[in-house]
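Asks: For reference, this is data-v7.pdb, and it has PDB, C-alpha atoms, pLDDT in the B column.
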MODEL        1
ATOM      1  CA  MET I   1     173.514 -28.674-122.470  1.00 56.00           C
ATOM      2  CA  LEU I   2     173.273 -28.486-118.699  1.00 74.00           C
ATOM      3  CA  SER I   3     171.502 -25.163-118.520  1.00 92.00           C
ATOM      4  CA  LEU I   4     169.146 -23.951-115.815  1.00 95.00           C
ATOM      5  CA  VAL I   5     166.236 -24.252-118.246  1.00 96.00           C
ATOM      6  CA  TRP I   6     167.138 -27.863-119.090  1.00 96.00           C
ATOM      7  CA  ILE I   7     167.470 -28.738-115.403  1.00 97.00           C
ATOM      8  CA  GLY I   8     164.036 -27.228-114.710  1.00 97.00           C
ATOM      9  CA  TYR I   9     162.526 -29.017-117.720  1.00 98.00           C
ATOM     10  CA  SER I  10     164.029 -32.361-116.693  1.00 97.00           C
ATOM     11  CA  GLY I  11     163.035 -31.872-113.052  1.00 98.00           C
ATOM     12  CA  LEU I  12     159.411 -31.240-113.999  1.00 98.00           C
ATOM     13  CA  LEU I  13     159.384 -34.375-116.162  1.00 98.00           C
ATOM     14  CA  LEU I  14     160.950 -36.399-113.353  1.00 98.00           C
ATOM     15  CA  ALA I  15     158.231 -35.117-111.008  1.00 98.00           C
ATOM     16  CA  ALA I  16     155.553 -36.134-113.521  1.00 98.00           C
ATOM     17  CA  ALA I  17     157.016 -39.636-113.808  1.00 97.00           C
ATOM     18  CA  GLY I  18     157.231 -40.077-110.043  1.00 96.00           C
ATOM     19  CA  VAL I  19     153.729 -38.845-109.322  1.00 97.00           C
ATOM     20  CA  ASP I  20     152.287 -40.948-112.152  1.00 96.00           C
ATOM     21  CA  ALA I  21     154.051 -44.090-110.911  1.00 93.00           C
ATOM     22  CA  LEU I  22     152.640 -43.610-107.407  1.00 92.00           C
ATOM     23  CA  SER I  23     149.162 -42.276-108.081  1.00 94.00           C
ATOM     24  CA  TYR I  24     148.336 -42.770-111.783  1.00 94.00           C
ATOM     25  CA  ARG I  25     147.770 -39.015-112.012  1.00 96.00           C
ATOM     26  CA  ILE I  26     149.796 -36.200-113.512  1.00 97.00           C
ATOM     27  CA  PRO I  27     148.883 -32.893-111.877  1.00 97.00           C
ATOM     28  CA  ASN I  28     147.946 -30.025-114.179  1.00 97.00           C
ATOM     29  CA  TRP I  29     150.526 -27.763-112.549  1.00 98.00           C
ATOM     30  CA  ILE I  30     153.343 -29.831-114.079  1.00 98.00           C
ATOM     31  CA  SER I  31     152.098 -29.383-117.654  1.00 98.00           C
ATOM     32  CA  ILE I  32     151.361 -25.700-116.993  1.00 98.00           C
ATOM     33  CA  ALA I  33     154.834 -25.211-115.496  1.00 98.00           C
ATOM     34  CA  LEU I  34     156.410 -26.880-118.550  1.00 98.00           C
ATOM     35  CA  ALA I  35     154.499 -24.526-120.853  1.00 98.00           C
ATOM     36  CA  GLY I  36     155.468 -21.512-118.712  1.00 98.00           C
ATOM     37  CA  LEU I  37     159.116 -22.563-118.695  1.00 98.00           C
ATOM     38  CA  PHE I  38     158.920 -22.848-122.482  1.00 98.00           C
ATOM     39  CA  VAL I  39     157.782 -19.213-122.669  1.00 97.00           C
ATOM     40  CA  VAL I  40     160.755 -18.206-120.498  1.00 96.00           C
ATOM     41  CA  ALA I  41     163.153 -20.267-122.645  1.00 96.00           C
ATOM     42  CA  VAL I  42     161.821 -18.625-125.818  1.00 97.00           C
ATOM     43  CA  ALA I  43     162.208 -15.176-124.245  1.00 95.00           C
ATOM     44  CA  VAL I  44     165.861 -15.761-123.366  1.00 94.00           C
ATOM     45  CA  SER I  45     166.749 -17.758-126.499  1.00 94.00           C
ATOM     46  CA  GLY I  46     167.796 -14.717-128.478  1.00 91.00           C
ATOM     47  CA  GLN I  47     165.697 -15.820-131.439  1.00 94.00           C
ATOM     48  CA  PRO I  48     162.552 -14.116-132.754  1.00 95.00           C
ATOM     49  CA  VAL I  49     159.417 -15.273-130.956  1.00 94.00           C
ATOM     50  CA  VAL I  50     157.674 -15.683-134.311  1.00 95.00           C
ATOM     51  CA  GLY I  51     160.134 -18.462-135.157  1.00 94.00           C
ATOM     52  CA  TYR I  52     158.545 -20.677-132.515  1.00 97.00           C
ATOM     53  CA  TRP I  53     155.074 -20.897-134.063  1.00 97.00           C
ATOM     54  CA  PRO I  54     155.850 -24.437-135.384  1.00 97.00           C
ATOM     55  CA  ASN I  55     156.514 -25.511-131.781  1.00 97.00           C
ATOM     56  CA  LEU I  56     153.108 -24.158-130.823  1.00 97.00           C
ATOM     57  CA  ALA I  57     151.535 -26.042-133.745  1.00 98.00           C
ATOM     58  CA  VAL I  58     153.153 -29.310-132.627  1.00 98.00           C
ATOM     59  CA  GLY I  59     151.988 -28.751-129.033  1.00 97.00           C
ATOM     60  CA  VAL I  60     148.415 -28.045-130.130  1.00 98.00           C
ATOM     61  CA  GLY I  61     148.493 -31.035-132.489  1.00 97.00           C
ATOM     62  CA  MET I  62     149.737 -33.309-129.711  1.00 97.00           C
ATOM     63  CA  PHE I  63     146.980 -32.017-127.461  1.00 97.00           C
ATOM     64  CA  GLY I  64     144.419 -32.898-130.146  1.00 97.00           C
ATOM     65  CA  VAL I  65     145.849 -36.387-130.630  1.00 96.00           C
ATOM     66  CA  GLY I  66     146.042 -36.864-126.863  1.00 96.00           C
ATOM     67  CA  TYR I  67     142.444 -35.762-126.423  1.00 96.00           C
ATOM     68  CA  LEU I  68     141.310 -38.264-129.075  1.00 97.00           C
ATOM     69  CA  LEU I  69     143.282 -41.033-127.369  1.00 95.00           C
ATOM     70  CA  PHE I  70     141.779 -40.007-124.020  1.00 95.00           C
ATOM     71  CA  ALA I  71     138.257 -40.077-125.464  1.00 95.00           C
ATOM     72  CA  LEU I  72     138.658 -43.321-127.398  1.00 95.00           C
ATOM     73  CA  THR I  73     141.088 -45.385-125.300  1.00 92.00           C
ATOM     74  CA  GLY I  74     142.269 -45.743-121.740  1.00 82.00           C
ATOM     75  CA  MET I  75     144.942 -43.042-121.964  1.00 91.00           C
ATOM     76  CA  GLY I  76     144.742 -40.553-119.127  1.00 94.00           C
ATOM     77  CA  ALA I  77     144.035 -36.867-119.552  1.00 95.00           C
ATOM     78  CA  GLY I  78     147.203 -36.012-117.639  1.00 97.00           C
ATOM     79  CA  ASP I  79     149.209 -38.062-120.128  1.00 97.00           C
ATOM     80  CA  ALA I  80     147.604 -36.120-122.990  1.00 97.00           C
ATOM     81  CA  LYS I  81     148.465 -32.769-121.398  1.00 98.00           C
ATOM     82  CA  LEU I  82     152.018 -33.856-120.611  1.00 98.00           C
ATOM     83  CA  ALA I  83     152.481 -35.046-124.207  1.00 98.00           C
ATOM     84  CA  ALA I  84     151.242 -31.679-125.467  1.00 98.00           C
ATOM     85  CA  ALA I  85     153.705 -29.842-123.221  1.00 98.00           C
ATOM     86  CA  ILE I  86     156.601 -32.016-124.402  1.00 98.00           C
ATOM     87  CA  GLY I  87     155.466 -31.536-128.006  1.00 98.00           C
ATOM     88  CA  LEU I  88     155.660 -27.780-127.446  1.00 98.00           C
ATOM     89  CA  TRP I  89     159.310 -28.170-126.491  1.00 98.00           C
ATOM     90  CA  ALA I  90     160.104 -30.700-129.228  1.00 98.00           C
ATOM     91  CA  GLY I  91     158.630 -28.733-132.086  1.00 97.00           C
ATOM     92  CA  PRO I  92     159.149 -30.051-135.590  1.00 97.00           C
ATOM     93  CA  VAL I  93     162.938 -30.218-135.040  1.00 95.00           C
ATOM     94  CA  GLY I  94     162.799 -32.779-132.228  1.00 97.00           C
ATOM     95  CA  LEU I  95     159.461 -34.455-132.925  1.00 97.00           C
ATOM     96  CA  TYR I  96     160.835 -37.554-134.642  1.00 97.00           C
ATOM     97  CA  SER I  97     163.507 -38.080-132.003  1.00 97.00           C
ATOM     98  CA  TRP I  98     160.954 -37.719-129.229  1.00 98.00           C
ATOM     99  CA  VAL I  99     158.379 -40.048-130.819  1.00 97.00           C
ATOM    100  CA  GLY I 100     161.085 -42.647-131.484  1.00 98.00           C
ATOM    101  CA  ALA I 101     162.330 -42.425-127.904  1.00 98.00           C
ATOM    102  CA  LEU I 102     158.722 -42.629-126.693  1.00 97.00           C
ATOM    103  CA  ALA I 103     158.100 -45.841-128.641  1.00 97.00           C
ATOM    104  CA  VAL I 104     161.218 -47.452-127.173  1.00 98.00           C
ATOM    105  CA  GLY I 105     160.361 -46.126-123.707  1.00 97.00           C
ATOM    106  CA  MET I 106     156.832 -47.524-123.845  1.00 96.00           C
ATOM    107  CA  LEU I 107     158.148 -50.926-124.913  1.00 97.00           C
ATOM    108  CA  LEU I 108     160.763 -51.028-122.145  1.00 97.00           C
ATOM    109  CA  LEU I 109     158.248 -49.854-119.541  1.00 96.00           C
ATOM    110  CA  ALA I 110     155.723 -52.512-120.568  1.00 94.00           C
ATOM    111  CA  VAL I 111     158.343 -55.284-120.478  1.00 96.00           C
ATOM    112  CA  ALA I 112     159.653 -54.087-117.097  1.00 95.00           C
ATOM    113  CA  LEU I 113     156.162 -53.965-115.605  1.00 94.00           C
ATOM    114  CA  VAL I 114     155.250 -57.427-116.910  1.00 93.00           C
ATOM    115  CA  ALA I 115     158.472 -58.822-115.438  1.00 94.00           C
ATOM    116  CA  ALA I 116     158.027 -57.032-112.099  1.00 92.00           C
ATOM    117  CA  ARG I 117     154.410 -58.129-111.826  1.00 91.00           C
ATOM    118  CA  ARG I 118     155.321 -61.744-112.557  1.00 90.00           C
ATOM    119  CA  LEU I 119     158.168 -61.710-110.043  1.00 90.00           C
ATOM    120  CA  THR I 120     155.942 -60.715-107.132  1.00 86.00           C
ATOM    121  CA  PRO I 121     155.393 -63.709-104.846  1.00 86.00           C
ATOM    122  CA  ALA I 122     152.098 -65.507-105.448  1.00 82.00           C
ATOM    123  CA  GLY I 123     151.032 -65.559-101.795  1.00 84.00           C
ATOM    124  CA  ILE I 124     150.906 -61.780-101.405  1.00 87.00           C
ATOM    125  CA  PRO I 125     147.394 -60.336-101.770  1.00 90.00           C
ATOM    126  CA  GLN I 126     147.170 -57.978-104.738  1.00 87.00           C
ATOM    127  CA  GLU I 127     145.575 -55.278-102.573  1.00 88.00           C
ATOM    128  CA  THR I 128     148.741 -54.960-100.461  1.00 90.00           C
ATOM    129  CA  LEU I 129     150.988 -54.328-103.462  1.00 90.00           C
ATOM    130  CA  PRO I 130     151.528 -50.862-104.907  1.00 89.00           C
ATOM    131  CA  ARG I 131     149.008 -50.356-107.691  1.00 90.00           C
ATOM    132  CA  VAL I 132     151.709 -50.260-110.354  1.00 90.00           C
ATOM    133  CA  LEU I 133     152.750 -53.828-109.419  1.00 89.00           C
ATOM    134  CA  ARG I 134     149.263 -55.310-109.377  1.00 90.00           C
ATOM    135  CA  ARG I 135     148.337 -57.669-112.164  1.00 86.00           C
ATOM    136  CA  ARG I 136     146.077 -56.156-114.831  1.00 87.00           C
ATOM    137  CA  ALA I 137     146.779 -52.623-113.561  1.00 90.00           C
ATOM    138  CA  PRO I 138     147.179 -50.007-116.276  1.00 91.00           C
ATOM    139  CA  VAL I 139     150.597 -48.831-117.388  1.00 92.00           C
ATOM    140  CA  PRO I 140     151.574 -45.367-116.076  1.00 95.00           C
ATOM    141  CA  LEU I 141     152.403 -43.816-119.443  1.00 95.00           C
ATOM    142  CA  GLY I 142     153.783 -40.674-117.794  1.00 96.00           C
ATOM    143  CA  ILE I 143     156.983 -42.575-116.992  1.00 97.00           C
ATOM    144  CA  ALA I 144     157.690 -43.281-120.668  1.00 97.00           C
ATOM    145  CA  LEU I 145     156.609 -39.773-121.695  1.00 98.00           C
ATOM    146  CA  ALA I 146     158.960 -38.180-119.186  1.00 98.00           C
ATOM    147  CA  ALA I 147     161.932 -40.417-119.932  1.00 98.00           C
ATOM    148  CA  SER I 148     161.593 -39.928-123.680  1.00 98.00           C
ATOM    149  CA  GLY I 149     161.189 -36.179-123.205  1.00 98.00           C
ATOM    150  CA  VAL I 150     164.489 -35.966-121.341  1.00 98.00           C
ATOM    151  CA  ILE I 151     166.365 -38.308-123.689  1.00 97.00           C
ATOM    152  CA  ALA I 152     165.144 -36.612-126.863  1.00 97.00           C
ATOM    153  CA  SER I 153     165.720 -33.100-125.494  1.00 97.00           C
ATOM    154  CA  PHE I 154     169.190 -33.230-127.014  1.00 95.00           C
ATOM    155  CA  ALA I 155     167.520 -33.095-130.445  1.00 96.00           C
ATOM    156  CA  PHE I 156     165.327 -30.080-129.595  1.00 97.00           C
ATOM    157  CA  ASN I 157     166.180 -26.543-130.685  1.00 95.00           C
ATOM    158  CA  PRO I 158     169.469 -25.820-128.889  1.00 95.00           C
ATOM    159  CA  ALA I 159     168.532 -22.163-128.424  1.00 94.00           C
ATOM    160  CA  LEU I 160     165.996 -23.282-125.796  1.00 94.00           C
ATOM    161  CA  TRP I 161     168.816 -24.391-123.495  1.00 94.00           C
ATOM    162  CA  ARG I 162     170.872 -21.161-123.608  1.00 88.00           C
ATOM    163  CA  PHE I 163     170.181 -20.050-120.041  1.00 89.00           C
TER     164      PHE I 163
ENDMDL
END
Output the file's structure in the form of structure tokens.
Replies:
Amino acid sequence: MLSLVWIGYSGLLLAAAGVDALSYRIPNWISIALAGLFVVAVAVSGQPVVGYWPNLAVGVGMFGVGYLLFALTGMGAGDAKLAAAIGLWAGPVGLYSWVGALAVGMLLLAVALVAARRLTPAGIPQETLPRVLRRRAPVPLGIALAASGVIASFAFNPALWRF
């Protein structure tokens, strides 16, 4: 499982989680790099390219769902693009594993943030704390997206991790 492609995939997701935790932004280059790495993985997988159209359908579908959530809720556009890129990798084979891991990851992240925010001393002004630890600050969803993407990658098409 520890292939160069998997290491690159996981590294990009780790970068997305770190940047999102610090700045509440996920740069476009990360989602673009994930999509580009997917093209490379498909090229070296040894399987026909046409066999990956369901992965493309899942990625486009996730982008559509993410865009709706961006338009109708407080979800960030970077989160929507990152979810689409992970959906491209997951395809129909790993979609259920990834969504299940995402649900658990979101729950654990929310509980951890509530606990961390409550454990900050009361006398410290909120403005001096990192934004992620401030009360009523949004949850950086990129952390849960990235963690679930790495954890569920073991259920994705194994041909993607050949190189």
Asks: Taking the file as I've supplied it (selection: the PyMOL selection byres ((chain I and resi 19-28) around 8)), which residues are included? Please answer as an MDAnalysis selection string.
Replies: chainID I and resid 15:18 29:32 76 78:79 81:82 130:132 140:143
Asks: Around the point (148.6, -34.8, -127.1), in the coordinates given by the file, pick out the residues reaching within 9 Å, counting only C-alpha atoms, and return them as a list in words.
Replies: Gly59, Val60, Gly61, Met62, Phe63, Gly64, Val65, Gly66, Tyr67, Leu68, Leu69, Asp79, Ala80, Lys81, Leu82, Ala83, Ala84, Ala85, Ile86 and Gly87 of chain I
Asks: Would you kindly return, as a list in words, each protein, DNA or RNA residue with an atom no farther than 12 Å from any atom of I:Val49, considering only C-alpha atoms and excluding same-chain residues fewer than 5 positions away?
Replies: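 Everything that qualifies: Phe38, Val39, Val40, Ala41, Val42, Ala43, Val44, Pro54, Asn55, Leu56, Ala159 and Leu160 of chain I.
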Asks: Just give me the gap between atom CA of I:Val93 and atom CA of I:Gln47 in Å, one decimal is fine.
Replies: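 So the answer is 15.1 Å.
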Asks: Set the distance at 12 Å and use all atoms listed in the file: which residues neighbour I:Ser97 once local chain neighbours fewer than 5 positions away are removed? I'd like the list as a short mmCIF file (atom, residue, chain, number, x, y, z; two decimals) with C-alpha atoms, in the frame of the given file.
Replies:
data_model
loop_
_atom_site.label_atom_id
_atom_site.label_comp_id
_atom_site.auth_asym_id
_atom_site.auth_seq_id
_atom_site.Cartn_x
_atom_site.Cartn_y
_atom_site.Cartn_z
CA ILE I 86 156.60 -32.02 -124.40
CA GLY I 87 155.47 -31.54 -128.01
CA ALA I 90 160.10 -30.70 -129.23
CA GLY I 91 158.63 -28.73 -132.09
CA PRO I 92 159.15 -30.05 -135.59
CA LEU I 102 158.72 -42.63 -126.69
CA ALA I 103 158.10 -45.84 -128.64
CA VAL I 104 161.22 -47.45 -127.17
CA GLY I 105 160.36 -46.13 -123.71
CA SER I 148 161.59 -39.93 -123.68
CA GLY I 149 161.19 -36.18 -123.20
CA VAL I 150 164.49 -35.97 -121.34
CA ILE I 151 166.36 -38.31 -123.69
CA ALA I 152 165.14 -36.61 -126.86
CA SER I 153 165.72 -33.10 -125.49
CA PHE I 154 169.19 -33.23 -127.01
CA ALA I 155 167.52 -33.10 -130.44
CA PHE I 156 165.33 -30.08 -129.60
CA ASN I 157 166.18 -26.54 -130.68
#
Asks: Kindly list the centre and edge lengths in Å, rounded to one decimal, for the axis-aligned box that covers all listed atoms of stretch 103-109 of chain I plus 4 Å on each of its six sides, as JSON.
Replies:
{"center_x": 159.0, "center_y": -48.4, "center_z": -124.1, "size_x": 12.4, "size_y": 13.2, "size_z": 17.1}
